[in-house]
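Coordinates from upload-v5.cif are shown below (mmCIF, C-alpha atoms).
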```cif
data_start
#
loop_
_atom_site.label_atom_id
_atom_site.label_comp_id
_atom_site.auth_asym_id
_atom_site.auth_seq_id
_atom_site.Cartn_x
_atom_site.Cartn_y
_atom_site.Cartn_z
CA MET P 1 0.00 0.00 0.00
CA ARG P 2 1.28 3.44 -0.96
CA LEU P 3 0.33 7.01 -0.12
CA LEU P 4 0.12 9.14 -3.26
CA VAL P 5 -0.25 12.92 -3.20
CA LEU P 6 -1.57 14.38 -6.46
CA VAL P 7 0.17 17.57 -7.62
CA PRO P 8 -0.05 19.53 -10.89
CA ASP P 9 2.68 19.61 -13.48
CA LEU P 10 4.42 22.99 -13.45
CA VAL P 11 4.31 24.17 -17.06
CA GLN P 12 6.07 27.51 -17.47
CA GLY P 13 5.84 27.82 -21.25
CA GLY P 14 5.33 26.10 -24.59
CA PRO P 15 2.30 24.66 -26.39
CA LEU P 16 0.98 22.76 -23.36
CA ARG P 17 0.68 25.92 -21.29
CA LYS P 18 -1.07 27.72 -24.16
CA LEU P 19 -3.48 24.80 -24.60
CA THR P 20 -4.40 24.43 -20.93
CA GLU P 21 -4.80 28.19 -20.46
CA PHE P 22 -7.06 28.29 -23.54
CA ILE P 23 -9.19 25.48 -22.12
CA GLY P 24 -9.36 27.25 -18.77
CA ARG P 25 -10.77 30.40 -20.37
CA HIS P 26 -13.75 28.52 -21.86
CA ASN P 27 -16.04 26.93 -19.29
CA ARG P 28 -17.80 24.52 -21.66
CA LEU P 29 -14.52 23.33 -23.13
CA GLU P 30 -13.02 22.86 -19.68
CA ARG P 31 -16.08 20.93 -18.56
CA LEU P 32 -15.77 18.65 -21.60
CA ALA P 33 -12.07 18.07 -20.90
CA ILE P 34 -12.81 17.21 -17.26
CA ASP P 35 -15.70 14.86 -18.07
CA ARG P 36 -13.62 13.00 -20.65
CA ARG P 37 -10.46 13.09 -18.49
CA LEU P 38 -8.49 14.73 -21.28
CA LEU P 39 -4.92 15.37 -20.07
CA VAL P 40 -6.14 13.71 -16.82
CA HIS P 41 -7.58 17.08 -15.70
CA PRO P 42 -6.89 20.50 -17.27
CA ARG P 43 -6.24 22.10 -13.88
CA LEU P 44 -3.33 19.74 -13.28
CA TYR P 45 -1.17 22.02 -15.39
CA THR P 46 -0.12 25.33 -13.88
CA HIS P 47 2.54 28.01 -14.29
CA VAL P 48 2.43 28.88 -10.57
CA ALA P 49 3.93 26.84 -7.72
CA TRP P 50 0.90 27.36 -5.48
CA GLY P 51 1.33 27.41 -1.71
CA GLY P 52 -1.31 24.72 -1.28
CA THR P 53 0.62 22.40 -3.58
CA LEU P 54 3.87 23.02 -1.69
CA ASN P 55 2.02 22.32 1.55
CA ASN P 56 0.76 19.01 0.14
CA MET P 57 4.31 18.13 -0.92
CA ARG P 58 5.46 18.65 2.67
CA HIS P 59 2.66 16.41 3.91
CA ALA P 60 3.85 13.65 1.58
CA ALA P 61 7.43 14.09 2.77
CA LEU P 62 6.41 13.94 6.40
CA ALA P 63 4.44 10.75 5.80
CA ARG P 64 7.45 9.22 4.04
CA SER P 65 9.72 10.21 6.95
CA LEU P 66 7.50 8.05 9.16
CA GLY P 67 8.37 4.96 7.13
CA VAL P 68 5.62 4.57 4.50
CA ASP P 69 5.96 4.52 0.73
CA ALA P 70 4.75 8.05 0.01
CA ARG P 71 5.10 9.52 -3.47
CA LEU P 72 4.00 12.49 -5.54
CA VAL P 73 1.77 11.65 -8.48
CA SER P 74 1.17 13.90 -11.49
CA PRO P 75 0.09 13.62 -15.13
CA SER P 76 3.68 13.35 -16.37
CA GLY P 77 5.16 11.44 -13.44
CA LYS P 78 8.17 13.78 -13.53
CA ASP P 79 9.49 16.49 -11.24
CA THR P 80 8.59 19.59 -13.23
CA TYR P 81 9.19 22.01 -10.33
CA GLY P 82 12.97 22.29 -10.41
CA SER P 83 14.08 25.14 -8.12
CA PHE P 84 10.45 25.63 -7.00
CA ASN P 85 10.32 22.16 -5.42
CA VAL P 86 10.45 21.95 -1.62
CA VAL P 87 10.95 18.19 -1.09
CA LYS P 88 12.91 15.28 -2.50
CA LEU P 89 10.39 12.56 -3.26
CA PRO P 90 9.83 10.03 -6.03
CA TYR P 91 7.24 10.90 -8.68
CA MET P 92 4.93 8.60 -10.61
CA ARG P 93 2.27 9.00 -13.29
CA TRP P 94 -1.40 9.23 -12.42
CA SER P 95 -2.05 6.34 -14.80
CA ASP P 96 0.25 4.04 -12.76
CA ARG P 97 -1.92 3.96 -9.64
CA ARG P 98 -2.80 0.67 -7.97
CA ASP P 99 -6.11 -0.40 -6.46
CA ASP P 100 -4.79 -0.33 -2.90
CA ASP P 101 -3.19 3.13 -3.11
CA VAL P 102 -4.40 5.83 -0.76
CA VAL P 103 -4.55 9.03 -2.84
CA LEU P 104 -4.69 12.63 -1.64
CA VAL P 105 -6.65 14.68 -4.19
CA PRO P 106 -6.42 18.51 -4.05
CA ASP P 107 -9.56 20.62 -4.02
CA PHE P 108 -9.24 22.07 -7.53
CA CYS P 109 -9.73 18.65 -9.18
CA THR P 110 -12.05 16.79 -6.79
CA GLU P 111 -13.78 15.05 -9.71
CA LEU P 112 -10.77 12.72 -9.79
CA ALA P 113 -11.58 11.36 -6.33
CA ASN P 114 -14.22 9.17 -7.97
CA ASP P 115 -11.47 7.56 -10.10
CA VAL P 116 -9.56 6.35 -7.02
CA ARG P 117 -10.35 2.70 -6.33
CA GLY P 118 -8.99 2.71 -2.80
CA LYS P 119 -9.33 5.42 -0.19
CA ALA P 120 -9.28 9.02 -1.40
CA ILE P 121 -8.36 11.95 0.81
CA VAL P 122 -9.90 15.15 -0.56
CA TYR P 123 -8.01 18.09 0.91
CA LEU P 124 -10.18 21.22 0.83
CA GLN P 125 -8.02 24.33 1.28
CA VAL P 126 -9.65 27.13 -0.74
CA PRO P 127 -13.28 28.38 -0.52
CA ILE P 128 -13.74 28.81 -4.28
CA HIS P 129 -13.15 25.10 -4.89
CA LEU P 130 -15.89 23.69 -2.65
CA LYS P 131 -17.97 21.65 -5.08
CA ALA P 132 -19.97 18.50 -4.45
CA ASN P 133 -18.78 16.99 -7.74
CA PHE P 134 -17.65 13.67 -6.24
CA ASP P 135 -19.27 10.97 -4.11
CA TYR P 136 -18.26 12.56 -0.83
CA LEU P 137 -20.58 10.37 1.27
CA ASP P 138 -18.89 7.20 -0.03
CA PRO P 139 -17.07 5.55 2.93
CA ARG P 140 -13.90 5.52 0.81
CA MET P 141 -13.85 9.32 0.79
CA ILE P 142 -11.99 11.15 3.55
CA LEU P 143 -12.39 14.93 3.64
CA TRP P 144 -9.86 17.30 5.21
CA THR P 145 -9.67 21.06 5.57
CA ASP P 146 -7.22 23.58 7.00
CA SER P 147 -8.89 26.25 9.16
CA PRO P 148 -11.99 26.91 11.31
CA HIS P 149 -13.27 29.24 8.57
CA MET P 150 -12.94 26.54 5.93
CA LEU P 151 -14.51 23.95 8.23
CA ALA P 152 -17.69 26.02 8.54
CA LEU P 153 -17.89 26.32 4.74
CA CYS P 154 -17.17 22.61 4.22
CA GLN P 155 -19.88 21.56 6.65
CA LYS P 156 -22.41 23.43 4.49
CA ALA P 157 -21.03 22.10 1.21
CA TYR P 158 -20.67 18.48 2.39
CA PRO P 159 -23.36 17.85 5.03
CA GLY P 160 -23.18 14.60 6.93
CA LYS P 161 -19.42 14.21 6.63
CA ASP P 162 -16.88 14.39 9.46
CA ILE P 163 -14.12 16.79 8.37
CA PRO P 164 -11.02 17.27 10.53
CA ILE P 165 -8.80 20.36 10.43
CA VAL P 166 -5.34 19.27 9.29
CA PRO P 167 -2.33 21.24 10.57
CA ASN P 168 -0.24 23.04 7.97
CA ILE P 169 3.45 22.22 7.90
CA VAL P 170 5.62 25.28 8.47
CA ASP P 171 9.18 24.59 7.38
CA SER P 172 11.27 25.68 10.36
CA GLY P 173 14.44 24.66 8.52
CA ARG P 174 13.84 27.07 5.63
CA PHE P 175 12.37 29.79 7.83
CA PRO P 176 14.55 29.99 10.97
CA PHE P 177 13.83 32.67 13.55
CA ARG P 178 15.80 35.89 13.36
CA PRO P 179 15.20 38.67 15.91
CA GLN P 180 13.80 42.03 14.84
CA SER P 181 16.99 43.76 15.95
CA GLU P 182 19.00 41.87 13.32
CA ARG P 183 16.70 42.80 10.43
CA GLU P 184 16.69 45.71 8.01
CA PRO P 185 14.90 48.58 9.77
CA GLY P 186 11.56 49.50 8.21
CA LEU P 187 11.55 46.89 5.44
CA ILE P 188 8.12 45.37 4.82
CA PHE P 189 7.28 42.72 2.22
CA ALA P 190 4.05 42.32 0.27
CA PHE P 191 2.88 39.98 -2.50
CA PRO P 192 1.32 42.05 -5.32
CA ARG P 193 -0.39 38.96 -6.73
CA LYS P 194 -2.63 39.01 -3.65
CA GLY P 195 -4.61 42.22 -3.24
CA PRO P 196 -2.55 44.84 -5.10
CA ASP P 197 -5.18 47.54 -4.46
CA PHE P 198 -5.04 46.90 -0.72
CA ILE P 199 -1.25 47.17 -0.79
CA GLN P 200 -1.22 50.46 -2.66
CA ALA P 201 -4.01 51.95 -0.54
CA THR P 202 -2.15 50.99 2.63
CA ARG P 203 0.98 52.72 1.34
CA ASP P 204 -1.01 55.82 0.45
CA HIS P 205 -2.76 56.03 3.84
CA TYR P 206 0.51 55.42 5.67
CA ALA P 207 2.07 58.36 3.84
CA LYS P 208 -0.95 60.55 4.69
CA LEU P 209 -0.43 59.71 8.35
CA GLY P 210 3.10 61.03 8.06
CA GLY P 211 4.70 57.61 8.22
CA LYS P 212 8.27 57.45 6.98
CA PHE P 213 9.69 54.39 8.77
CA TRP P 214 8.29 51.61 6.57
CA HIS P 215 9.41 51.06 2.97
CA PHE P 216 7.78 48.39 0.83
CA GLU P 217 9.36 45.67 -1.27
CA LEU P 218 7.00 43.75 -3.57
CA ILE P 219 7.84 40.10 -4.24
CA ASP P 220 6.40 37.70 -6.80
CA GLY P 221 7.37 34.65 -8.82
CA ILE P 222 10.55 33.54 -7.04
CA PRO P 223 11.47 30.06 -5.77
CA LEU P 224 10.76 29.32 -2.12
CA ASP P 225 14.43 29.08 -1.15
CA GLU P 226 15.08 32.57 -2.49
CA LEU P 227 11.96 33.87 -0.75
CA ALA P 228 13.11 32.32 2.52
CA GLN P 229 16.48 34.03 2.23
CA ARG P 230 14.86 37.40 1.57
CA MET P 231 12.53 36.90 4.53
CA GLN P 232 15.57 36.97 6.80
CA ARG P 233 15.88 40.69 5.96
CA ALA P 234 12.43 42.21 6.40
CA GLN P 235 10.82 43.25 9.67
CA ALA P 236 7.21 42.90 8.56
CA PHE P 237 4.83 41.26 6.09
CA LEU P 238 1.62 42.83 4.79
CA ALA P 239 -1.13 40.19 4.48
CA SER P 240 -3.24 41.57 1.64
CA ALA P 241 -5.30 38.64 0.31
CA ASP P 242 -9.10 38.66 0.49
CA VAL P 243 -9.16 34.86 0.33
CA GLU P 244 -6.47 32.45 1.47
CA GLY P 245 -6.10 28.69 1.26
CA CYS P 246 -3.59 27.23 3.65
CA ALA P 247 -2.32 30.78 4.39
CA LEU P 248 1.32 29.77 4.58
CA PRO P 249 2.96 33.18 3.89
CA PRO P 250 1.73 34.71 7.17
CA GLN P 251 2.66 31.56 9.08
CA GLU P 252 6.13 31.39 7.52
CA SER P 253 6.58 35.06 8.34
CA MET P 254 5.74 34.33 11.96
CA ALA P 255 8.15 31.41 12.02
CA CYS P 256 11.11 33.47 10.89
CA GLY P 257 10.47 36.51 13.10
CA MET P 258 8.65 38.97 10.82
CA VAL P 259 5.63 40.84 12.17
CA VAL P 260 2.45 40.16 10.18
CA VAL P 261 0.03 43.03 9.66
CA GLY P 262 -3.08 43.04 7.50
CA LYS P 263 -6.12 40.98 6.56
CA SER P 264 -7.35 37.84 8.26
CA ALA P 265 -8.62 36.63 4.84
CA THR P 266 -12.12 36.07 6.27
CA GLY P 267 -10.64 33.98 9.05
CA ALA P 268 -8.27 31.82 7.00
CA ASN P 269 -5.31 33.54 8.70
CA PHE P 270 -6.52 32.21 12.04
CA SER P 271 -3.02 32.37 13.51
CA MET P 272 -3.30 36.18 13.49
CA GLN P 273 -4.38 37.37 16.94
CA HIS P 274 -4.46 41.16 17.18
CA ARG P 275 -1.60 42.70 19.15
CA LYS P 276 -0.56 39.21 20.31
CA THR P 277 0.76 37.35 17.27
CA ALA P 278 0.01 39.96 14.59
CA MET P 279 -1.71 43.27 13.85
CA VAL P 280 -5.08 42.53 12.23
CA ALA P 281 -6.29 45.18 9.80
CA GLU P 282 -9.14 44.52 7.39
CA THR P 283 -8.95 47.93 5.69
CA PRO P 284 -6.02 49.96 4.32
CA GLU P 285 -6.80 52.77 6.78
CA VAL P 286 -6.47 50.44 9.76
CA ALA P 287 -3.40 48.77 8.25
CA ALA P 288 -1.71 52.16 7.92
CA GLN P 289 -2.48 52.98 11.55
CA CYS P 290 -1.07 49.60 12.60
CA LEU P 291 2.12 50.37 10.70
CA ARG P 292 2.46 53.62 12.64
CA GLU P 293 2.11 51.64 15.88
CA LEU P 294 4.67 49.10 14.65
CA GLU P 295 7.28 51.81 14.40
CA ASP P 296 7.71 50.97 18.11
CA ALA P 297 10.61 48.48 18.27
CA THR P 298 9.43 47.06 21.61
CA LEU P 299 5.99 46.21 20.20
CA ARG P 300 7.53 44.63 17.09
CA ASP P 301 9.85 42.47 19.16
CA GLN P 302 7.07 41.33 21.50
CA ILE P 303 4.69 40.38 18.68
CA SER P 304 7.38 38.61 16.64
CA ARG P 305 8.37 36.41 19.58
CA ASN P 306 4.77 35.65 20.51
CA ALA P 307 4.03 34.74 16.90
CA HIS P 308 7.03 32.43 16.64
CA GLU P 309 6.02 30.63 19.81
CA PHE P 310 2.45 30.22 18.56
CA ILE P 311 3.36 28.98 15.10
CA SER P 312 5.99 26.51 16.36
CA ARG P 313 3.17 24.01 16.94
CA TYR P 314 3.08 23.61 13.13
CA PHE P 315 6.76 22.78 12.78
CA PRO P 316 7.26 19.25 11.37
CA THR P 317 8.02 17.65 14.75
CA GLY P 318 4.92 19.13 16.38
CA GLU P 319 1.25 18.71 15.53
CA PRO P 320 1.83 17.65 11.88
CA ARG P 321 3.93 14.65 12.89
CA ARG P 322 1.46 13.51 15.53
CA PHE P 323 -1.40 13.95 13.07
CA TRP P 324 0.30 11.89 10.36
CA ARG P 325 1.34 9.08 12.65
CA ARG P 326 -2.21 8.72 13.94
CA THR P 327 -3.70 9.02 10.44
CA LEU P 328 -1.40 6.47 8.83
CA LEU P 329 -2.21 3.92 11.50
CA GLU P 330 -5.94 4.54 10.99
CA LEU P 331 -5.49 4.04 7.24
CA GLY P 332 -3.89 0.65 7.83
CA PHE P 333 -0.23 1.44 7.21
CA GLU P 334 2.39 -0.37 9.25
CA LEU P 335 4.83 2.01 10.89
CA PRO P 336 8.24 1.34 12.45
CA ALA P 337 8.86 2.08 16.09
CA GLU P 338 8.46 5.70 17.12
CA ARG P 339 11.51 7.92 16.69
CA GLU P 340 12.06 11.65 16.74
CA PRO P 341 13.44 13.05 13.45
CA ALA P 342 15.36 16.29 13.03
CA ALA P 343 13.10 19.35 12.80
CA ASP P 344 13.85 19.85 9.11
CA ALA P 345 13.65 16.18 8.10
CA VAL P 346 10.60 16.60 5.89
CA ALA P 347 12.38 19.17 3.76
CA GLN P 348 15.22 16.82 2.84
#
```

Take the structure in the file and give it back as structure tokens.
Amino acid sequence: MRLLVLVPDLVQGGPLRKLTEFIGRHNRLERLAIDRRLLVHPRLYTHVAWGGTLNNMRHAALARSLGVDARLVSPSGKDTYGSFNVVKLPYMRWSDRRDDDVVLVPDFCTELANDVRGKAIVYLQVPIHLKANFDYLDPRMILWTDSPHMLALCQKAYPGKDIPIVPNIVDSGRFPFRPQSEREPGLIFAFPRKGPDFIQATRDHYAKLGGKFWHFELIDGIPLDELAQRMQRAQAFLASADVEGCALPPQESMACGMVVVGKSATGANFSMQHRKTAMVAETPEVAAQCLRELEDATLRDQISRNAHEFISRYFPTGEPRRFWRRTLLELGFELPAEREPAADAVAQ
């Protein structure tokens, strides 16, 4: 018995990217491709290394570190991620599944859960992908989600199903803690792909308040290792997304010692507790005021340390490891005797 985690192929150019993007722009054509399983599923081709996919990769690596045969499965069966990959795991093709495989299916292609002959784990991370397009009441189907906000939505979308909240895996090896005093004064990061209007409005309101301490650096489209290195410099991160999935950027910021300020993403950023682990600001006006408050070095240091302590529960050796050991035993896997791995084992 194997544990297979389904991930998209990363397609950064060429005819395949043009074809899949064309299909994605036409709903009827995409529906036809999905129903006929053309290319397995058109959404299994992407030009973005999504945070949810990287989180699923870490889950597979953690399961493998516990002694089971865990692999990544994709349409091509090849590692297409290169420098964007976060784990070292074997790949296999979707077509090479066996009847006794346990398969984790991501939320953007839940139709494929019906094609799994053994147990299927449907991991629901993003609100826009909650669709009852698979036999979710089938005893073979196991549903997971990632936050209290998502759980409430899932209970409405999939009534009658028990749905546990699965802990994210925050990579403490890639995102080690660095005190505020050792960081570049006033540097704040933001991701323009997530809420660019919120980012710009926050900057504008901060300037109107007379703020001169914070200077913004916008980051997009870089491999995780490079992002992690840059995150050792900044003192703060602006959470600007209206909707989040697994909400890893705020959690990784907390892990490494940055102060998170900004949106709770309708509750998805549940690790953000105002003035304790973060500064919660749902509007640009409030975010700008929070930035003025965060000019206080004592407040920044206090919040950054509180946040690191809170988020440490999601380091690989914490809740994720206990969750996976319990889950694998429930699924029928045989595990070797308990041992404590190094904190960054799942990233190797």

Checklist entry - Hey, which of P:Pro15, P:Pro90, P:Gly160, P:Pro192 ends up closest to Asp69 of chain P? Count all atoms listed in the file. => result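 The answer is P:Pro90, which sits nearest to Asp69 of chain P.
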
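Within the file as shown, the PyMOL selection byres ((chain P and resi 95) around 12) identifies P:Leu6, P:Arg37, P:Leu39, P:Val40, P:Val73, P:Ser74, P:Pro75, P:Ser76, P:Gly77, P:Met92, P:Arg93, P:Trp94, P:Asp96, P:Arg97, P:Arg98, P:Asp99, P:Leu112, P:Asp115, P:Val116.
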
Item to check | Closest of P:Tyr91, P:Trp50, P:Phe189, P:Phe323 to Phe216 of chain P - atom-to-atom distances counting only C-alpha atoms | outcome: P:Phe189

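In terms of minimum interatomic distance to Arg230 of chain P, P:Arg183 ranks closest within P:Arg183, P:Arg140, P:Lys18, P:Arg2, counting only C-alpha atoms.
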
Checklist entry - Could you list as an NGL selection string every residue that has an atom within 12 Å of (-1.8, 36.4, -3.1), using the file's coordinates and counting only C-alpha atoms? => result :P and (48 or 50-52 or 190-199 or 218-221 or 238-250 or 263 or 265)

Next on the checklist: Expand the PyMOL selection byres ((chain P and resi 321) around 10) into the explicit residue set it covers here, and present it as a PyMOL selection string.
Outcome noted: chain P and resi 59+62-63+65-66+167+169+314-320+322-327+340-341+346

Checklist entry - What separation in Å, quoted to one decimal, exists between atom CA of Leu130 of chain P and atom CA of Val7 of chain P? => result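 A separation of 17.9 Å between them.
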
Checklist entry - With all atoms listed in the file as the atoms that count, which of P:Ile188, P:Lys156, P:Gln229, P:Pro223 lies nearest to Ala49 of chain P? => result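 The closest residue to Ala49 of chain P is P:Pro223.
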
Item to check | Atomic distance atom CA of Ala337 of chain P - atom CA of Ile311 of chain P, expressed in Å with one decimal | outcome: 27.5 Å

Checklist entry - On this structure, which residues satisfy the PyMOL selection byres ((chain P and resi 149) around 10), written as a list in words? => result Pro127, Thr145, Asp146, Ser147, Pro148, Met150, Leu151, Ala152, Leu153, Cys154, Ala265, Thr266, Gly267, Ala268, Asn269 and Phe270 of chain P

Item to check | Atomic distance atom CA of Thr283 of chain P - atom CA of Met258 of chain P, expressed in Å with one decimal | outcome: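 Rounded to one decimal, the two atoms are 20.4 Å apart.
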
Item to check | From P:Asp101, P:Glu285, P:Glu30, P:Glu182, residue lying nearest Asp301 of chain P [all atoms listed in the file] | outcome: P:Glu182

Which residues, written as a PDB file with C-alpha atoms, in the frame of the given file, have at least one atom at most 12 Å from Gly24 of chain P, with all atoms listed in the file counted and residues fewer than 2 positions away on the same chain left out?
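Result file follows (out.pdb):
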```
ATOM      1  CA  ARG P  17       0.680  25.920 -21.290  1.00  0.00           C
ATOM      2  CA  LYS P  18      -1.070  27.720 -24.160  1.00  0.00           C
ATOM      3  CA  LEU P  19      -3.480  24.800 -24.600  1.00  0.00           C
ATOM      4  CA  THR P  20      -4.400  24.430 -20.930  1.00  0.00           C
ATOM      5  CA  GLU P  21      -4.800  28.190 -20.460  1.00  0.00           C
ATOM      6  CA  PHE P  22      -7.060  28.290 -23.540  1.00  0.00           C
ATOM      7  CA  HIS P  26     -13.750  28.520 -21.860  1.00  0.00           C
ATOM      8  CA  ASN P  27     -16.040  26.930 -19.290  1.00  0.00           C
ATOM      9  CA  ARG P  28     -17.800  24.520 -21.660  1.00  0.00           C
ATOM     10  CA  LEU P  29     -14.520  23.330 -23.130  1.00  0.00           C
ATOM     11  CA  GLU P  30     -13.020  22.860 -19.680  1.00  0.00           C
ATOM     12  CA  ARG P  31     -16.080  20.930 -18.560  1.00  0.00           C
ATOM     13  CA  LEU P  32     -15.770  18.650 -21.600  1.00  0.00           C
ATOM     14  CA  ALA P  33     -12.070  18.070 -20.900  1.00  0.00           C
ATOM     15  CA  ILE P  34     -12.810  17.210 -17.260  1.00  0.00           C
ATOM     16  CA  HIS P  41      -7.580  17.080 -15.700  1.00  0.00           C
ATOM     17  CA  PRO P  42      -6.890  20.500 -17.270  1.00  0.00           C
ATOM     18  CA  ARG P  43      -6.240  22.100 -13.880  1.00  0.00           C
ATOM     19  CA  LEU P  44      -3.330  19.740 -13.280  1.00  0.00           C
ATOM     20  CA  TYR P  45      -1.170  22.020 -15.390  1.00  0.00           C
ATOM     21  CA  THR P  46      -0.120  25.330 -13.880  1.00  0.00           C
TER      22      THR P  46
END
```

Checklist entry - Closest to Val102 of chain P among P:Pro185, P:Gly118, P:Pro179, P:Gly13, using only C-alpha atoms? => result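 Counting only C-alpha atoms, the residue closest to Val102 of chain P is P:Gly118.
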